[in-house]
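Down below is the structure, laid out as structure tokens.
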Amino acid sequence: MGGSTGIVWFRRDLRLADHPALLEATARHDRLVALFVHDPALANPSGANRVAYLHATLDALDADLDGLLVERHGDPASVVARFAAEVEAEAVHVTEDFGPYGRRRDGEVETRLVGDGRVLVRTGTPYAVAPGTLHTKGGTPFKVFTPFSRAWRSHGWPSPHRAPRSARFLEGIEGGGRPKTPQPTARTGLPPAGERAAHDAADAFLERRVDGYRDDRDRPDLDRTSRLSPHLKYGTIHPRQLLDRLGDGDGPSTFATELCWRDFYADVLFHWPQSARRNFAEAMDGLEWDTGKRADERFEAWTQGQTGYPIVDAGMRQLLDEGWMHNRVRMIVASFLVKDLHVDWRRGARWFLDHLVDGDLASNQHGWQWTAGTGTDAAPFFRVFNPISQGQRFDPDGDYVRRYVPELRDLDGKAVHEPWAAGDDLFTSALDYPERIVDHAAEREEALARYGRR
DNA sequence: TTTTGAGTTGTTCGA
DNA sequence: GTCGAACAACTCAAA
């Protein structure tokens with residue numbers, strides 16, 4: 001068999017359109033092999049929603065490849081090298097991974113490949129602007145979002161590339177390496193997966209919701225967010241495919257800013273990989289967190305949506321039900337865990353990663369650090385979310401709370417945000433609803449005192 | 001080098 | 001009901 005064979009190793013780029021690494025591989029080789037490696041190091045068993053969603057996405061990619069996606073299981077350093085030898089590939093093509101684990105893993109894979117006389121070719125990035133690209137005028141990485149966003153917008157990004165027309169994938173290679181699909185904890189099922197679903201979601205958002213996005217995105221009772229986060233997580237759509245279609249106006253501009261936040265946090269994590277686990281602001285290392293039995297019980301109540309604060313419980317139950325939570329509510333529940341329950345942000349961040357289908361290390365950890373005041377934001381420490389006023393402001397009719405907290409279904413309108421203020425005889429179902437586990441006003445003062453002391 | 005303006009997403013209080 | 005000020009001090013980015 002003449003000509004050369006190249007492997008396209010898919011990771012967080014599970015699409016065929018606008019895929020620079022696939023285009024590069026197509027241009028360089030006569031035959032391609034599409035590979036996905038299930039890495040045991042990434043298969044956190046409690047991340048069942050994410051893994052199940054990944055498997056659904058792989059099913060869609062495999063269908064788009066006419067069943068020619070090859071799945072293997074094991075440590076990528078040995079699996080990829082062995083596979084390359086098996087199919088006698090010249091090169092392995094990937095989209096560059098900028099995460100702390102991915103960089104280390106790819107370095108090891110590259111070492112093995114090079115030892116065998118092959119190459120690892122990195123083309124493209126999951127971001128509009130690759131991490132490590134933008135710098136201040138002083139040549140240092142950005143630590144503040146707004147200047148980063150100015151540089152990001154003026155840097156720009158390439159137009160989307162077309163899908164390759166001539167890619168030929170090899171048939172008859174043994175696959176079957178997929179581990180058992182875990183049972184999702186999400187009772188309502190997972191969002192639609194795959195490249196076509198991504199474009200359907202993008203169409204629906206860009207045609208109907210983006211113009212009102214600036215004002216409506218904070219309303220968890222309405223379905224007005226993009227719903228694109230799981231697709232961006234797995235690369236079934238690339239951000240430049242979205243940016244390319246954005247028109248003018250406040251809504252599109254606000255959405256572009258959200259995509260910029262994604263790039264910013266990836267850039268921060270690229271330059272400070274330890275910030276996934278440690279406070280970005282070391283000055284906050286002295287902050288006191290609650291531990292022990294009482295903190296464990298409160299954390300448990302938070303995870304199960306049993307805190308007695310309706311907007312918090314609705315959000316946490318939405319996470320359990322759907323593997324997804326509206327972003328406004330993510331901030332509210334995060335603030336509650338950190339500022340009202342005084343539990344370390346890392347425990348909350350871990351719970352989110354274990355349950356979100358869109359759980360992304362950079363955005364998740366830095367979003368939590370923003371809430372905790374330990375991150376890149378200037379974080380005035382008196383910024384403590386009030387779960388009642390946030391609920392009244394962003395869920396003004398109470399529809400969001402009633403959707404996820406059925407015990408409160410008999411309370412009308414925004415009264416649902418303060419069930420303790422309703423008369424006992426006005427409803428009976430709410431008797432099943434828990435008492436508030438803490439007093440917000442008191443815990444707010446406690447949080448302020450701790451931030452003042454650290 | 002020094003200076004200056006600015007920093008996603010809030011709450012509370014008092015007028 | 002609405003509205004503006006106060007809530008600290010610090011670090012970053014650029015001039």
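By order in the structure tokens, chains are A, B, ...; within a chain, residues start at 1; ligands start at 1, following the order shown.
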Per residue of chain A within 9 Å of chain C, what are the shortest atom pair and its distance in Å to one decimal, counting only C-alpha atoms (C1' of nucleotides), with rows by chain and residue number, as JSON lines?
{"residue": "A:Thr136", "atom": "CA", "partner": "C:DA13", "partner_atom": "C1'", "distance": 7.2}
{"residue": "A:Lys137", "atom": "CA", "partner": "C:DA14", "partner_atom": "C1'", "distance": 7.7}
{"residue": "A:Gly138", "atom": "CA", "partner": "C:DA13", "partner_atom": "C1'", "distance": 8.6}
{"residue": "A:Phe142", "atom": "CA", "partner": "C:DC12", "partner_atom": "C1'", "distance": 8.5}
{"residue": "A:Lys143", "atom": "CA", "partner": "C:DC12", "partner_atom": "C1'", "distance": 7.1}
{"residue": "A:Val144", "atom": "CA", "partner": "C:DC12", "partner_atom": "C1'", "distance": 6.8}
{"residue": "A:Pro147", "atom": "CA", "partner": "C:DA13", "partner_atom": "C1'", "distance": 7.3}
{"residue": "A:Ala378", "atom": "CA", "partner": "C:DT11", "partner_atom": "C1'", "distance": 7.7}
{"residue": "A:Pro380", "atom": "CA", "partner": "C:DA8", "partner_atom": "C1'", "distance": 7.9}
{"residue": "A:Phe381", "atom": "CA", "partner": "C:DA8", "partner_atom": "C1'", "distance": 8.8}
{"residue": "A:Phe382", "atom": "CA", "partner": "C:DC7", "partner_atom": "C1'", "distance": 7.0}
Written selection (N, CA and C atoms) as a compact mmCIF listing (two decimals), in the first residue's frame:
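Here's the written file part-v1.txt:
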# COMPACT_ATOMS: atom_id res chain seq x y z
N THR A 136 0.50 42.01 27.61
CA THR A 136 0.45 43.45 27.84
C THR A 136 1.59 44.11 27.06
N LYS A 137 1.60 45.43 27.04
CA LYS A 137 2.68 46.14 26.33
C LYS A 137 4.02 45.88 27.01
N GLY A 138 3.95 45.52 28.28
CA GLY A 138 5.17 45.17 28.99
C GLY A 138 5.61 43.73 28.76
N PHE A 142 -1.81 38.91 30.76
CA PHE A 142 -2.85 39.72 31.39
C PHE A 142 -3.38 39.04 32.64
N LYS A 143 -3.64 39.88 33.65
CA LYS A 143 -4.30 39.38 34.86
C LYS A 143 -5.66 40.03 35.06
N VAL A 144 -5.98 41.00 34.22
CA VAL A 144 -7.25 41.72 34.34
C VAL A 144 -8.03 41.56 33.04
N PRO A 147 -8.52 44.80 29.98
CA PRO A 147 -7.42 45.00 29.02
C PRO A 147 -7.21 43.78 28.12
N ALA A 378 -10.60 42.15 41.09
CA ALA A 378 -10.23 42.97 42.24
C ALA A 378 -11.05 42.58 43.47
N PRO A 380 -13.95 43.20 45.55
CA PRO A 380 -14.26 43.87 46.80
C PRO A 380 -14.92 42.87 47.74
N PHE A 381 -14.38 42.72 48.93
CA PHE A 381 -14.83 41.58 49.74
C PHE A 381 -16.22 41.77 50.34
N PHE A 382 -16.73 43.00 50.20
CA PHE A 382 -18.09 43.20 50.70
C PHE A 382 -19.14 42.76 49.67
Please give the complete set of residues from range 119-258 of chain A that DSSP, run on the backbone, assigns to alpha helix (DSSP H), formatted as number ranges by chain. A: 145-155, 195-204, 213-216, 229-234, 239-243, 250-258
Closest contacts (chain A/chain B, max 9 Å, only C-alpha atoms (C1' of nucleotides)) as CSV:
residue,atom,partner,partner_atom,distance
A:Val144,CA,B:DG7,C1',7.6
A:Phe145,CA,B:DG7,C1',8.6
A:Thr146,CA,B:DG7,C1',8.0
A:Arg328,CA,B:DT9,C1',8.1
A:Met331,CA,B:DT9,C1',8.3
A:Asp377,CA,B:DG7,C1',7.4
A:Ala378,CA,B:DG7,C1',6.1
A:Ala379,CA,B:DG7,C1',8.8
A:Phe382,CA,B:DG10,C1',7.9
A:Arg383,CA,B:DG10,C1',4.9
A:Val384,CA,B:DG10,C1',6.3
A:Phe385,CA,B:DG10,C1',6.2
A:Asn386,CA,B:DT11,C1',7.5
Selected residues written out, C-alpha atoms, as a PDB file, in the first residue's frame:
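File produced: selection_18.pdb:
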ATOM      1  CA  VAL A 144      -7.249  41.722  34.341  1.00  0.00           C
ATOM      2  CA  PHE A 145     -10.095  40.903  32.022  1.00  0.00           C
ATOM      3  CA  THR A 146     -10.888  44.282  30.455  1.00  0.00           C
ATOM      4  CA  ARG A 328     -26.672  33.530  37.188  1.00  0.00           C
ATOM      5  CA  MET A 331     -22.963  32.570  40.960  1.00  0.00           C
ATOM      6  CA  ASP A 377     -10.870  40.047  39.915  1.00  0.00           C
ATOM      7  CA  ALA A 378     -10.230  42.969  42.243  1.00  0.00           C
ATOM      8  CA  ALA A 379     -12.990  41.347  44.324  1.00  0.00           C
ATOM      9  CA  PHE A 382     -18.095  43.199  50.698  1.00  0.00           C
ATOM     10  CA  ARG A 383     -19.646  41.775  47.540  1.00  0.00           C
ATOM     11  CA  VAL A 384     -21.810  39.061  49.086  1.00  0.00           C
ATOM     12  CA  PHE A 385     -24.819  37.865  47.104  1.00  0.00           C
ATOM     13  CA  ASN A 386     -28.123  38.093  48.944  1.00  0.00           C
TER      14      ASN A 386
END
Could you pull the residues within 9 Å of Leu246 in chain A, counting only C-alpha atoms (C1' of nucleotides), minus those fewer than 4 positions along the same chain, as a PyMOL selection string? chain A and resi 206+210+242+252-253+255-256
Pick out each residue of range 11-189 of chain A that DSSP on the backbone tags as strand (DSSP E or B); I need them as an MDAnalysis selection string. chainID A and resid 31:38 69:73 91:94 119:122 169
Those residues with N, CA and C atoms, as an mmCIF file, in the first residue's frame please?
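Generated output (part_37.cif):
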data_model
loop_
_atom_site.group_PDB
_atom_site.id
_atom_site.type_symbol
_atom_site.label_atom_id
_atom_site.label_comp_id
_atom_site.auth_asym_id
_atom_site.auth_seq_id
_atom_site.Cartn_x
_atom_site.Cartn_y
_atom_site.Cartn_z
ATOM 1 N N ARG A 31 -4.105 8.759 3.463
ATOM 2 C CA ARG A 31 -5.152 8.074 4.207
ATOM 3 C C ARG A 31 -5.125 8.565 5.646
ATOM 4 N N LEU A 32 -6.305 8.624 6.235
ATOM 5 C CA LEU A 32 -6.380 9.055 7.628
ATOM 6 C C LEU A 32 -7.006 7.973 8.482
ATOM 7 N N VAL A 33 -6.675 8.036 9.764
ATOM 8 C CA VAL A 33 -7.369 7.224 10.748
ATOM 9 C C VAL A 33 -7.867 8.159 11.837
ATOM 10 N N ALA A 34 -9.143 8.072 12.156
ATOM 11 C CA ALA A 34 -9.727 8.894 13.208
ATOM 12 C C ALA A 34 -9.688 8.126 14.517
ATOM 13 N N LEU A 35 -9.030 8.705 15.507
ATOM 14 C CA LEU A 35 -8.809 8.000 16.777
ATOM 15 C C LEU A 35 -9.341 8.824 17.945
ATOM 16 N N PHE A 36 -9.969 8.144 18.894
ATOM 17 C CA PHE A 36 -10.256 8.745 20.198
ATOM 18 C C PHE A 36 -9.756 7.779 21.266
ATOM 19 N N VAL A 37 -9.081 8.323 22.263
ATOM 20 C CA VAL A 37 -8.533 7.491 23.339
ATOM 21 C C VAL A 37 -9.262 7.814 24.644
ATOM 22 N N HIS A 38 -9.865 6.802 25.221
ATOM 23 C CA HIS A 38 -10.490 6.965 26.540
ATOM 24 C C HIS A 38 -9.394 6.860 27.591
ATOM 25 N N LEU A 69 -14.740 5.913 13.186
ATOM 26 C CA LEU A 69 -14.001 6.393 14.355
ATOM 27 C C LEU A 69 -13.513 5.194 15.150
ATOM 28 N N VAL A 70 -12.226 5.204 15.464
ATOM 29 C CA VAL A 70 -11.638 4.108 16.232
ATOM 30 C C VAL A 70 -11.467 4.561 17.675
ATOM 31 N N GLU A 71 -12.018 3.794 18.608
ATOM 32 C CA GLU A 71 -11.894 4.152 20.024
ATOM 33 C C GLU A 71 -11.019 3.126 20.723
ATOM 34 N N ARG A 72 -10.072 3.628 21.488
ATOM 35 C CA ARG A 72 -9.205 2.759 22.276
ATOM 36 C C ARG A 72 -9.226 3.235 23.716
ATOM 37 N N HIS A 73 -8.720 2.424 24.614
ATOM 38 C CA HIS A 73 -8.783 2.714 26.042
ATOM 39 C C HIS A 73 -7.421 2.496 26.667
ATOM 40 N N ALA A 91 2.439 10.327 11.103
ATOM 41 C CA ALA A 91 2.254 11.449 12.035
ATOM 42 C C ALA A 91 0.924 11.316 12.769
ATOM 43 N N VAL A 92 0.886 11.926 13.933
ATOM 44 C CA VAL A 92 -0.369 12.044 14.690
ATOM 45 C C VAL A 92 -0.714 13.518 14.752
ATOM 46 N N HIS A 93 -1.919 13.861 14.295
ATOM 47 C CA HIS A 93 -2.350 15.257 14.255
ATOM 48 C C HIS A 93 -3.353 15.532 15.368
ATOM 49 N N VAL A 94 -3.121 16.640 16.068
ATOM 50 C CA VAL A 94 -4.038 17.027 17.153
ATOM 51 C C VAL A 94 -4.297 18.526 17.115
ATOM 52 N N VAL A 119 5.977 11.823 14.320
ATOM 53 C CA VAL A 119 5.837 13.182 14.859
ATOM 54 C C VAL A 119 4.430 13.410 15.383
ATOM 55 N N LEU A 120 4.356 14.319 16.335
ATOM 56 C CA LEU A 120 3.065 14.826 16.807
ATOM 57 C C LEU A 120 2.923 16.236 16.238
ATOM 58 N N VAL A 121 1.851 16.476 15.485
ATOM 59 C CA VAL A 121 1.658 17.773 14.837
ATOM 60 C C VAL A 121 0.476 18.484 15.480
ATOM 61 N N ARG A 122 0.771 19.640 16.104
ATOM 62 C CA ARG A 122 -0.285 20.419 16.756
ATOM 63 C C ARG A 122 -0.746 21.524 15.805
ATOM 64 N N PHE A 169 -10.828 7.974 5.120
ATOM 65 C CA PHE A 169 -10.523 7.290 6.371
ATOM 66 C C PHE A 169 -10.426 5.788 6.128
#
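The space between CA of Gly67 in chain A and CA of His161 in chain A spans 23.6 Å.
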Tell me, in Å to one decimal, how far CA of Gly235 in chain A is from CA of Asp203 in chain A. 16.3 Å
